[in-house]
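Asker: A single structure is presented below for examination.
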Amino acid sequence: MRLAIGADHGGFDLKSEMAKLLTNLGHEVVDKGAFEFDGEDDFPDFAAPVAAAVQAGEVDRGIILCGSGVGACIAANKYPGVRAGLCHDTYSAAQGVRHDDMNVLCMGARVVGVALAEDLVKAFVGATLESHPRFQRRLDKVARIEREQIGSN
């Protein structure tokens with residue numbers, strides 16, 4: 001799987017750990033920054049390139065880290081077609097993919113440690129969308145909302 005990864009200063013150290021893990025698991029990692037620590041950088045500057053790469057189909061999925069994960073998730077979900085989820089437990093990291101076709105995992109580096117983050121990433125990349133009519137029905141409804149909102153702007 002090809003994955004984009006990005007982080008601001010809050011997730012900078014954890015990003016390199018997760019990139020190593022993904023590479024060791026046999027995935028291709030596309031690093032969208034930050035490439036050096038800057039305590040004054042802003043999460044949208046790194047969430048946006050990851051979300052854009054997912055939206056464009058440049059990568060299969062994305063992972064974004066910031067201090068809490070909340071800001072990164074909000075920014076990523078501004079991109080049509082991106083379904084970012086903030087996960088701090090393995091159930092949500094896998095279930096978000098299985099039932100909701102989540103394509104971007106957001107994590108708070110100040111909330112999870114390296115060991116839990118590794119488990120979250122493994123759950124995220126190991127999950128696939130389940131083909132069940134109710135899941136597709138829900139995804140279709142979400143897509144309709146997205147189209148309606150884009151059309152209203």
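Note on naming: chains are A, B, ... as they come in the structure tokens, residues start from 1 per chain, ligands start from 1 in the order shown.
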Which residues are near A:Gln136? Cut-off 12 Å, only C-alpha atoms, ignore same chain within fewer than 4 positions. Put them as a list in words.
Answerer: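 The residues satisfying every condition are Arg98, His99, Asp100, Asp101, Leu129, Glu130, Ser131, His132, Asp140, Lys141, Val142 and Ala143 of chain A.
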Asker: Hey, which bits of stretch 78-126 of chain A sit within 9 Å of stretch 6-28 of chain A, and for each residue what's the closest pair of atoms and how far apart in Å (one decimal), counting only C-alpha atoms, rows by chain and increasing number, as a Markdown table?
Answerer:
```
| residue | atom | partner | partner_atom | distance |
| --- | --- | --- | --- | --- |
| A:Met107 | CA | A:Gly11 | CA | 8.4 |
| A:Gly108 | CA | A:Gly11 | CA | 7.1 |
| A:Ala109 | CA | A:Gly11 | CA | 5.1 |
| A:Arg110 | CA | A:Gly10 | CA | 7.1 |
| A:Gly113 | CA | A:Leu14 | CA | 8.2 |
| A:Val114 | CA | A:Leu14 | CA | 6.7 |
| A:Ala117 | CA | A:Met18 | CA | 7.6 |
| A:Glu118 | CA | A:Met18 | CA | 6.7 |
| A:Val121 | CA | A:Met18 | CA | 7.6 |
| A:Lys122 | CA | A:Leu22 | CA | 8.4 |
| A:Val125 | CA | A:Leu22 | CA | 8.9 |
```
Asker: Considering only C-alpha atoms, can you say which of A:Val112, A:Ala4, A:Val82, A:Val29 comes closest to A:Ile64?
Answerer: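 Nearest candidate to A:Ile64 out of A:Val112, A:Ala4, A:Val82, A:Val29: A:Ala4.
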Asker: Can you list every residue in chain A that DSSP puts in alpha helix (DSSP H), as a ChimeraX atom specification?
Answerer: /A:12-24,44-56,70-76,90-100,114-126,133-151
Asker: Hey, can you spit out that residue selection with C-alpha atoms as a compact mmCIF listing (two decimals), in the first residue's frame?
Answerer:
```
# COMPACT_ATOMS: atom_id res chain seq x y z
CA PHE A 12 7.09 15.34 14.37
CA ASP A 13 8.94 12.67 16.37
CA LEU A 14 6.13 10.12 16.14
CA LYS A 15 5.92 10.60 12.36
CA SER A 16 9.40 9.20 11.81
CA GLU A 17 8.59 6.19 14.00
CA MET A 18 5.41 5.49 12.02
CA ALA A 19 7.17 5.93 8.68
CA LYS A 20 9.77 3.35 9.75
CA LEU A 21 7.03 0.96 10.86
CA LEU A 22 5.16 1.29 7.57
CA THR A 23 8.35 0.70 5.57
CA ASN A 24 9.16 -2.36 7.69
CA PRO A 44 -2.92 22.64 8.24
CA ASP A 45 0.38 22.99 6.38
CA PHE A 46 0.95 19.22 6.74
CA ALA A 47 -2.61 17.91 6.86
CA ALA A 48 -3.39 19.56 3.52
CA PRO A 49 -0.70 17.82 1.43
CA VAL A 50 -1.63 14.43 2.88
CA ALA A 51 -5.33 14.99 2.22
CA ALA A 52 -4.62 16.30 -1.28
CA ALA A 53 -2.54 13.21 -2.08
CA VAL A 54 -5.38 10.94 -0.95
CA GLN A 55 -7.95 13.01 -2.83
CA ALA A 56 -5.90 12.89 -6.05
CA VAL A 70 -8.21 17.07 16.21
CA GLY A 71 -6.93 19.93 14.08
CA ALA A 72 -5.39 17.59 11.53
CA CYS A 73 -8.68 15.71 11.24
CA ILE A 74 -10.68 18.89 10.76
CA ALA A 75 -8.31 20.15 8.07
CA ALA A 76 -8.18 16.84 6.19
CA THR A 90 -7.49 0.11 17.63
CA TYR A 91 -11.19 -0.72 17.30
CA SER A 92 -11.92 2.67 15.71
CA ALA A 93 -8.80 2.57 13.53
CA ALA A 94 -9.93 -0.69 11.93
CA GLN A 95 -13.69 -0.22 12.10
CA GLY A 96 -13.42 3.21 10.49
CA VAL A 97 -12.00 1.53 7.41
CA ARG A 98 -14.26 -1.54 7.50
CA HIS A 99 -17.57 0.28 7.80
CA ASP A 100 -16.90 3.92 6.85
CA VAL A 114 4.76 4.92 20.17
CA ALA A 115 3.46 1.44 21.06
CA LEU A 116 -0.21 2.39 20.77
CA ALA A 117 0.43 4.43 17.62
CA GLU A 118 2.04 1.36 16.06
CA ASP A 119 -1.03 -0.72 16.92
CA LEU A 120 -3.31 1.97 15.48
CA VAL A 121 -1.36 2.12 12.22
CA LYS A 122 -1.35 -1.68 11.92
CA ALA A 123 -5.12 -1.79 12.51
CA PHE A 124 -5.68 0.99 9.94
CA VAL A 125 -3.55 -0.49 7.15
CA GLY A 126 -4.71 -4.03 7.88
CA PRO A 133 -25.27 -3.10 1.52
CA ARG A 134 -25.81 -1.06 4.69
CA PHE A 135 -22.23 0.24 4.65
CA GLN A 136 -22.53 1.23 1.00
CA ARG A 137 -25.88 2.88 1.70
CA ARG A 138 -24.28 4.97 4.44
CA LEU A 139 -21.30 5.90 2.28
CA ASP A 140 -23.67 6.95 -0.50
CA LYS A 141 -25.50 9.21 1.95
CA VAL A 142 -22.23 10.79 3.09
CA ALA A 143 -21.19 11.34 -0.54
CA ARG A 144 -24.55 12.96 -1.26
CA ILE A 145 -24.09 15.34 1.67
CA GLU A 146 -20.63 16.21 0.38
CA ARG A 147 -21.92 16.90 -3.14
CA GLU A 148 -24.75 19.03 -1.79
CA GLN A 149 -22.37 21.07 0.33
CA ILE A 150 -19.95 21.60 -2.56
CA GLY A 151 -22.82 22.68 -4.79
```
Asker: Work out how far atom CA of A:Ser68 is from atom CA of A:Leu86, in Å to one decimal.
Answerer: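 If I compute the distance from atom CA of A:Leu86 to atom CA of A:Ser68, I get 9.0 Å.
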Asker: For the atom pair atom CA of A:Val59 and atom CA of A:Ile5, what is the interatomic distance in Å to one decimal place?
Answerer: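 Atom-to-atom, atom CA of A:Val59 to atom CA of A:Ile5, that is 10.0 Å.
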Asker: List every residue of stretch 23-129 of chain A that DSSP, applied to the backbone of this structure, places in strand (DSSP E), and write the result as number ranges by chain.
Answerer: A: 28-31, 61-66, 84-86, 104-108
Asker: Could you check which of A:Asn103, A:Gly33, A:Phe43, A:Ala127 is closest to A:Pro80, using only C-alpha atoms?
Answerer: A:Asn103
Asker: As an exercise, work out the distance from atom CA of A:Gly85 to atom CA of A:Leu65 in Å and give it to one decimal place.
Answerer: 11.5 Å
